[in-house]
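**Q** Please find one structure pasted underneath; my questions will follow.
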Amino acid sequence: MPIFLCIFALYFKKYIMKKYLSIPTTNNGDVLLSIEGGFVCFTPAIGSGFVSLVNPNLQIGLSVVGDEQEIVYSIQDALVNAAKTPHSDVVSTVSLPNRAKVVKVLYEGGVGPK
Amino acid sequence: MTKYISIETTNSGVLLFPNLQFFIPTLQSSDVIILGAGDGIPLSCVNANQQLIDNINEALVSAAQASYTEVVFPVTIPSGVEVLGLDFGGGGGDLCGYTITVGTNAPYPIQFTYIDEFGGFNSIEILNDGLPYGAYIAECGTMRIDQSATPVDPTVVFIDESPFELLVTPERPNR
């Protein structure tokens with residue numbers, strides 16, 4: 001019986017543990033974002049100064065300086081790393097490209113894309 | 001466990017989509033496919049067909065079958081099909097964007113209310129820190145600046161002249 005409990009505990013820990021994305025920003029410090037379920041990251045257009053992260057539950061807008069598409073790719077890399085790493089690696093930090101900055105979180109909405 | 005399918009697009013680079021619980025790709029028309037349950041996330045396409053949907057489903061199945069260290073699964077785009085990118089049209093209208101900067105000598109931050117790329121209302125605070133802030137909105141209207149409370153400081157600069165409904169009200173003194 002204790003063996004079954006142990007296996008269940010390991011299974012539970014592996015699949016239920018939360019992971020976080022850490023996004024360094026100029027105005028909001030390091031923003032820690034729970035990424036359970038994953039996000040779609042995109043920019044509406046190059047030159048917009050805007051990057052968005054969305055899933056069915058949450059929509060987050062980031063004000064950015066620099067090449068938006070490169071910033072999107074750096075966030076995507078961190079999301080993929082978070083999915084690849086063991087459950088004990090809880091925080092995946094976004095490594096922004098040179099001269100790129102995330103200025104701040106513009107908004108967090110409780111509703112995803114319609 | 002979170003895995004991603006990747007779709008190469010013409011206008012939005014390579015997009016990664018998480019394999020969410022109710023990820024159901026559907027063909028809405030030859031111009032648009034929907035990823036996700038309900039309204040989902042629309043992708044603009046050229047000549048989209050069922051083969052594209054089948055390929056997305058195939059990538060989802062591969063993702064589910066693979067070990068947890070394999071995370072990204074590319075979707076094969078069928079010949080003759082082009083995926084343009086995320087569809088922000090909100091009914092087919094043009095997307096209006098803006099960049100707004102409030103100078104450091106402005107007395108107030110401003111609160112900016114707009115219709116976002118998904119058709120919902122959003123409100124953001126633009127600090128008077130001289131940095132550019134941007135957002136995109138889906139429905140273009142007539143630009144309007146509400147100066148009823150206090151005149152908007154002349155150091156507020158609107159860089160994009162796209163016509164849209166804009167409500168700007170000074171908020172509170174700089175902190």
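In the structure tokens, each chain is lettered A, B, ... as it comes, each chain's residues begin at 1, and ligands are numbered from 1 in order of appearance.
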Could you list the residues in chain A lying within 6 Å of chain B, using only C-alpha atoms, and format the result as a list of chain:residue names?

**A** A:Gly37, A:Gly38, A:Val40, A:Ser48, A:Gly49, A:Phe50, A:Ser63, A:Ala83, A:Lys84, A:Leu106, A:Pro113, A:Lys114

**Q** So that I have them on file, write out the residues from the current selection with N, CA, C and O atoms, as a JSON list (two decimals), in the first residue's frame.

**A**
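Below is the file again.json, written as the result:
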[["chain", "number", "residue", "atom", "x", "y", "z"],
["A", 37, "GLY", "N", -1.10, 25.12, -18.77],
["A", 37, "GLY", "CA", -1.92, 25.06, -19.98],
["A", 37, "GLY", "C", -1.31, 25.73, -21.17],
["A", 37, "GLY", "O", -1.73, 25.52, -22.30],
["A", 38, "GLY", "N", -0.30, 26.58, -20.95],
["A", 38, "GLY", "CA", 0.40, 27.22, -22.06],
["A", 38, "GLY", "C", -0.27, 28.49, -22.54],
["A", 38, "GLY", "O", -1.39, 28.84, -22.12],
["A", 40, "VAL", "N", -0.54, 31.26, -26.19],
["A", 40, "VAL", "CA", -0.17, 31.66, -27.54],
["A", 40, "VAL", "C", 0.44, 33.05, -27.41],
["A", 40, "VAL", "O", -0.16, 33.94, -26.80],
["A", 48, "SER", "N", 4.41, 47.76, -33.63],
["A", 48, "SER", "CA", 3.27, 48.11, -32.79],
["A", 48, "SER", "C", 3.69, 48.45, -31.36],
["A", 48, "SER", "O", 2.95, 49.11, -30.64],
["A", 49, "GLY", "N", 4.86, 47.95, -30.93],
["A", 49, "GLY", "CA", 5.26, 48.13, -29.54],
["A", 49, "GLY", "C", 4.41, 47.30, -28.59],
["A", 49, "GLY", "O", 4.26, 47.64, -27.43],
["A", 50, "PHE", "N", 3.88, 46.19, -29.11],
["A", 50, "PHE", "CA", 2.89, 45.45, -28.36],
["A", 50, "PHE", "C", 3.05, 43.95, -28.60],
["A", 50, "PHE", "O", 3.20, 43.51, -29.75],
["A", 63, "SER", "N", 3.76, 45.97, -23.17],
["A", 63, "SER", "CA", 4.33, 47.08, -23.93],
["A", 63, "SER", "C", 5.82, 46.80, -24.08],
["A", 63, "SER", "O", 6.52, 46.58, -23.09],
["A", 83, "ALA", "N", 8.08, 23.69, -20.60],
["A", 83, "ALA", "CA", 7.41, 22.40, -20.83],
["A", 83, "ALA", "C", 8.41, 21.24, -20.83],
["A", 83, "ALA", "O", 8.04, 20.12, -20.50],
["A", 84, "LYS", "N", 9.66, 21.54, -21.22],
["A", 84, "LYS", "CA", 10.66, 20.48, -21.34],
["A", 84, "LYS", "C", 11.32, 20.11, -20.02],
["A", 84, "LYS", "O", 11.75, 18.98, -19.84],
["A", 106, "LEU", "N", 0.59, 45.89, -19.81],
["A", 106, "LEU", "CA", -0.43, 46.89, -20.11],
["A", 106, "LEU", "C", -1.74, 46.54, -19.45],
["A", 106, "LEU", "O", -2.42, 47.38, -18.90],
["A", 113, "PRO", "N", -9.47, 35.26, -26.04],
["A", 113, "PRO", "CA", -9.97, 35.76, -27.32],
["A", 113, "PRO", "C", -11.37, 35.26, -27.62],
["A", 113, "PRO", "O", -11.73, 34.15, -27.26],
["A", 114, "LYS", "N", -12.17, 36.10, -28.26],
["A", 114, "LYS", "CA", -13.54, 35.71, -28.59],
["A", 114, "LYS", "C", -13.58, 35.03, -29.94],
["A", 114, "LYS", "O", -12.87, 35.40, -30.82]]

**Q** Could you give me, as JSON, numbers by chain, the residues within 8 Å of Glu36 in chain A, counting only C-alpha atoms and dropping anything in the same chain fewer than 6 positions from it?

**A** {"A": [18, 19, 20], "B": [2]}

**Q** Which residues are close to range 73-78 of chain B, i.e. within 7 Å by only C-alpha atoms, leaving aside same-chain residues fewer than 3 positions away? Reply as a PDB file with N, CA, C and O atoms, in the first residue's frame.

**A**
ATOM      1  N   TYR B   4       3.242  21.924 -27.606  1.00  0.00           N
ATOM      2  CA  TYR B   4       2.849  22.962 -28.554  1.00  0.00           C
ATOM      3  C   TYR B   4       2.883  22.436 -29.982  1.00  0.00           C
ATOM      4  O   TYR B   4       3.777  21.660 -30.337  1.00  0.00           O
ATOM      5  N   ILE B   5       1.922  22.875 -30.766  1.00  0.00           N
ATOM      6  CA  ILE B   5       2.043  22.654 -32.207  1.00  0.00           C
ATOM      7  C   ILE B   5       2.486  23.980 -32.820  1.00  0.00           C
ATOM      8  O   ILE B   5       2.090  25.051 -32.362  1.00  0.00           O
ATOM      9  N   SER B   6       3.354  23.906 -33.806  1.00  0.00           N
ATOM     10  CA  SER B   6       3.858  25.141 -34.414  1.00  0.00           C
ATOM     11  C   SER B   6       3.333  25.254 -35.835  1.00  0.00           C
ATOM     12  O   SER B   6       3.265  24.272 -36.578  1.00  0.00           O
ATOM     13  N   ILE B   7       2.935  26.465 -36.188  1.00  0.00           N
ATOM     14  CA  ILE B   7       2.408  26.740 -37.523  1.00  0.00           C
ATOM     15  C   ILE B   7       3.188  27.920 -38.101  1.00  0.00           C
ATOM     16  O   ILE B   7       3.242  29.004 -37.488  1.00  0.00           O
ATOM     17  N   GLN B  51      -7.525  19.317 -45.514  1.00  0.00           N
ATOM     18  CA  GLN B  51      -6.209  18.695 -45.354  1.00  0.00           C
ATOM     19  C   GLN B  51      -5.387  19.433 -44.290  1.00  0.00           C
ATOM     20  O   GLN B  51      -4.674  18.818 -43.501  1.00  0.00           O
ATOM     21  N   LEU B  52      -5.522  20.763 -44.268  1.00  0.00           N
ATOM     22  CA  LEU B  52      -4.814  21.546 -43.247  1.00  0.00           C
ATOM     23  C   LEU B  52      -5.306  21.161 -41.852  1.00  0.00           C
ATOM     24  O   LEU B  52      -4.503  20.969 -40.925  1.00  0.00           O
ATOM     25  N   ASN B  55      -3.925  17.858 -40.923  1.00  0.00           N
ATOM     26  CA  ASN B  55      -2.509  17.944 -40.542  1.00  0.00           C
ATOM     27  C   ASN B  55      -2.342  18.499 -39.128  1.00  0.00           C
ATOM     28  O   ASN B  55      -1.444  18.085 -38.390  1.00  0.00           O
ATOM     29  N   ILE B  56      -3.212  19.451 -38.752  1.00  0.00           N
ATOM     30  CA  ILE B  56      -3.154  19.981 -37.379  1.00  0.00           C
ATOM     31  C   ILE B  56      -3.529  18.875 -36.393  1.00  0.00           C
ATOM     32  O   ILE B  56      -2.870  18.685 -35.361  1.00  0.00           O
ATOM     33  N   ALA B  59      -0.654  16.578 -35.934  1.00  0.00           N
ATOM     34  CA  ALA B  59       0.371  17.130 -35.035  1.00  0.00           C
ATOM     35  C   ALA B  59      -0.067  16.996 -33.579  1.00  0.00           C
ATOM     36  O   ALA B  59       0.750  16.702 -32.695  1.00  0.00           O
ATOM     37  N   ALA B  63       1.850  14.886 -30.744  1.00  0.00           N
ATOM     38  CA  ALA B  63       2.225  15.517 -29.474  1.00  0.00           C
ATOM     39  C   ALA B  63       1.798  14.653 -28.290  1.00  0.00           C
ATOM     40  O   ALA B  63       2.538  14.486 -27.317  1.00  0.00           O
ATOM     41  N   VAL B  81      -1.745  25.978 -49.960  1.00  0.00           N
ATOM     42  CA  VAL B  81      -2.385  26.637 -48.811  1.00  0.00           C
ATOM     43  C   VAL B  81      -1.379  27.594 -48.184  1.00  0.00           C
ATOM     44  O   VAL B  81      -0.195  27.277 -48.072  1.00  0.00           O
TER      45      VAL B  81
END

**Q** Determine, counting only C-alpha atoms, which protein, DNA and RNA residues have an atom within 8 Å of an atom of Cys41 in chain A; residues of the same chain fewer than 6 positions away are not included. Present the result as a PDB file with N, CA, C and O atoms, in the first residue's frame.

**A**
ATOM      1  N   VAL A  51       3.063  43.197 -27.518  1.00  0.00           N
ATOM      2  CA  VAL A  51       3.098  41.735 -27.609  1.00  0.00           C
ATOM      3  C   VAL A  51       2.006  41.205 -26.698  1.00  0.00           C
ATOM      4  O   VAL A  51       1.788  41.738 -25.607  1.00  0.00           O
ATOM      5  N   SER A  52       1.317  40.177 -27.143  1.00  0.00           N
ATOM      6  CA  SER A  52       0.194  39.657 -26.383  1.00  0.00           C
ATOM      7  C   SER A  52       0.390  38.175 -26.066  1.00  0.00           C
ATOM      8  O   SER A  52       0.972  37.436 -26.862  1.00  0.00           O
ATOM      9  N   LEU A  53      -0.065  37.779 -24.904  1.00  0.00           N
ATOM     10  CA  LEU A  53      -0.086  36.366 -24.506  1.00  0.00           C
ATOM     11  C   LEU A  53      -1.541  36.014 -24.221  1.00  0.00           C
ATOM     12  O   LEU A  53      -2.186  36.693 -23.419  1.00  0.00           O
ATOM     13  N   VAL A  54      -2.046  34.977 -24.883  1.00  0.00           N
ATOM     14  CA  VAL A  54      -3.455  34.633 -24.657  1.00  0.00           C
ATOM     15  C   VAL A  54      -3.631  33.125 -24.475  1.00  0.00           C
ATOM     16  O   VAL A  54      -2.879  32.319 -25.036  1.00  0.00           O
ATOM     17  N   VAL A  72       8.694  37.922 -29.246  1.00  0.00           N
ATOM     18  CA  VAL A  72       7.745  36.795 -29.263  1.00  0.00           C
ATOM     19  C   VAL A  72       8.511  35.474 -29.252  1.00  0.00           C
ATOM     20  O   VAL A  72       8.207  34.563 -28.471  1.00  0.00           O
ATOM     21  N   ILE A  75       9.971  34.702 -25.869  1.00  0.00           N
ATOM     22  CA  ILE A  75       8.948  34.229 -24.926  1.00  0.00           C
ATOM     23  C   ILE A  75       8.541  32.795 -25.272  1.00  0.00           C
ATOM     24  O   ILE A  75       8.375  31.941 -24.387  1.00  0.00           O
ATOM     25  N   GLN A  76       8.415  32.515 -26.579  1.00  0.00           N
ATOM     26  CA  GLN A  76       8.077  31.143 -27.004  1.00  0.00           C
ATOM     27  C   GLN A  76       9.155  30.161 -26.536  1.00  0.00           C
ATOM     28  O   GLN A  76       8.850  29.051 -26.073  1.00  0.00           O
TER      29      GLN A  76
ATOM     30  N   LEU B  15       4.012  30.521 -35.148  1.00  0.00           N
ATOM     31  CA  LEU B  15       3.142  30.602 -33.973  1.00  0.00           C
ATOM     32  C   LEU B  15       3.106  29.259 -33.256  1.00  0.00           C
ATOM     33  O   LEU B  15       3.035  28.211 -33.907  1.00  0.00           O
ATOM     34  N   LEU B  16       3.185  29.312 -31.942  1.00  0.00           N
ATOM     35  CA  LEU B  16       3.057  28.087 -31.133  1.00  0.00           C
ATOM     36  C   LEU B  16       1.695  28.089 -30.453  1.00  0.00           C
ATOM     37  O   LEU B  16       1.311  29.084 -29.853  1.00  0.00           O
TER      38      LEU B  16
END
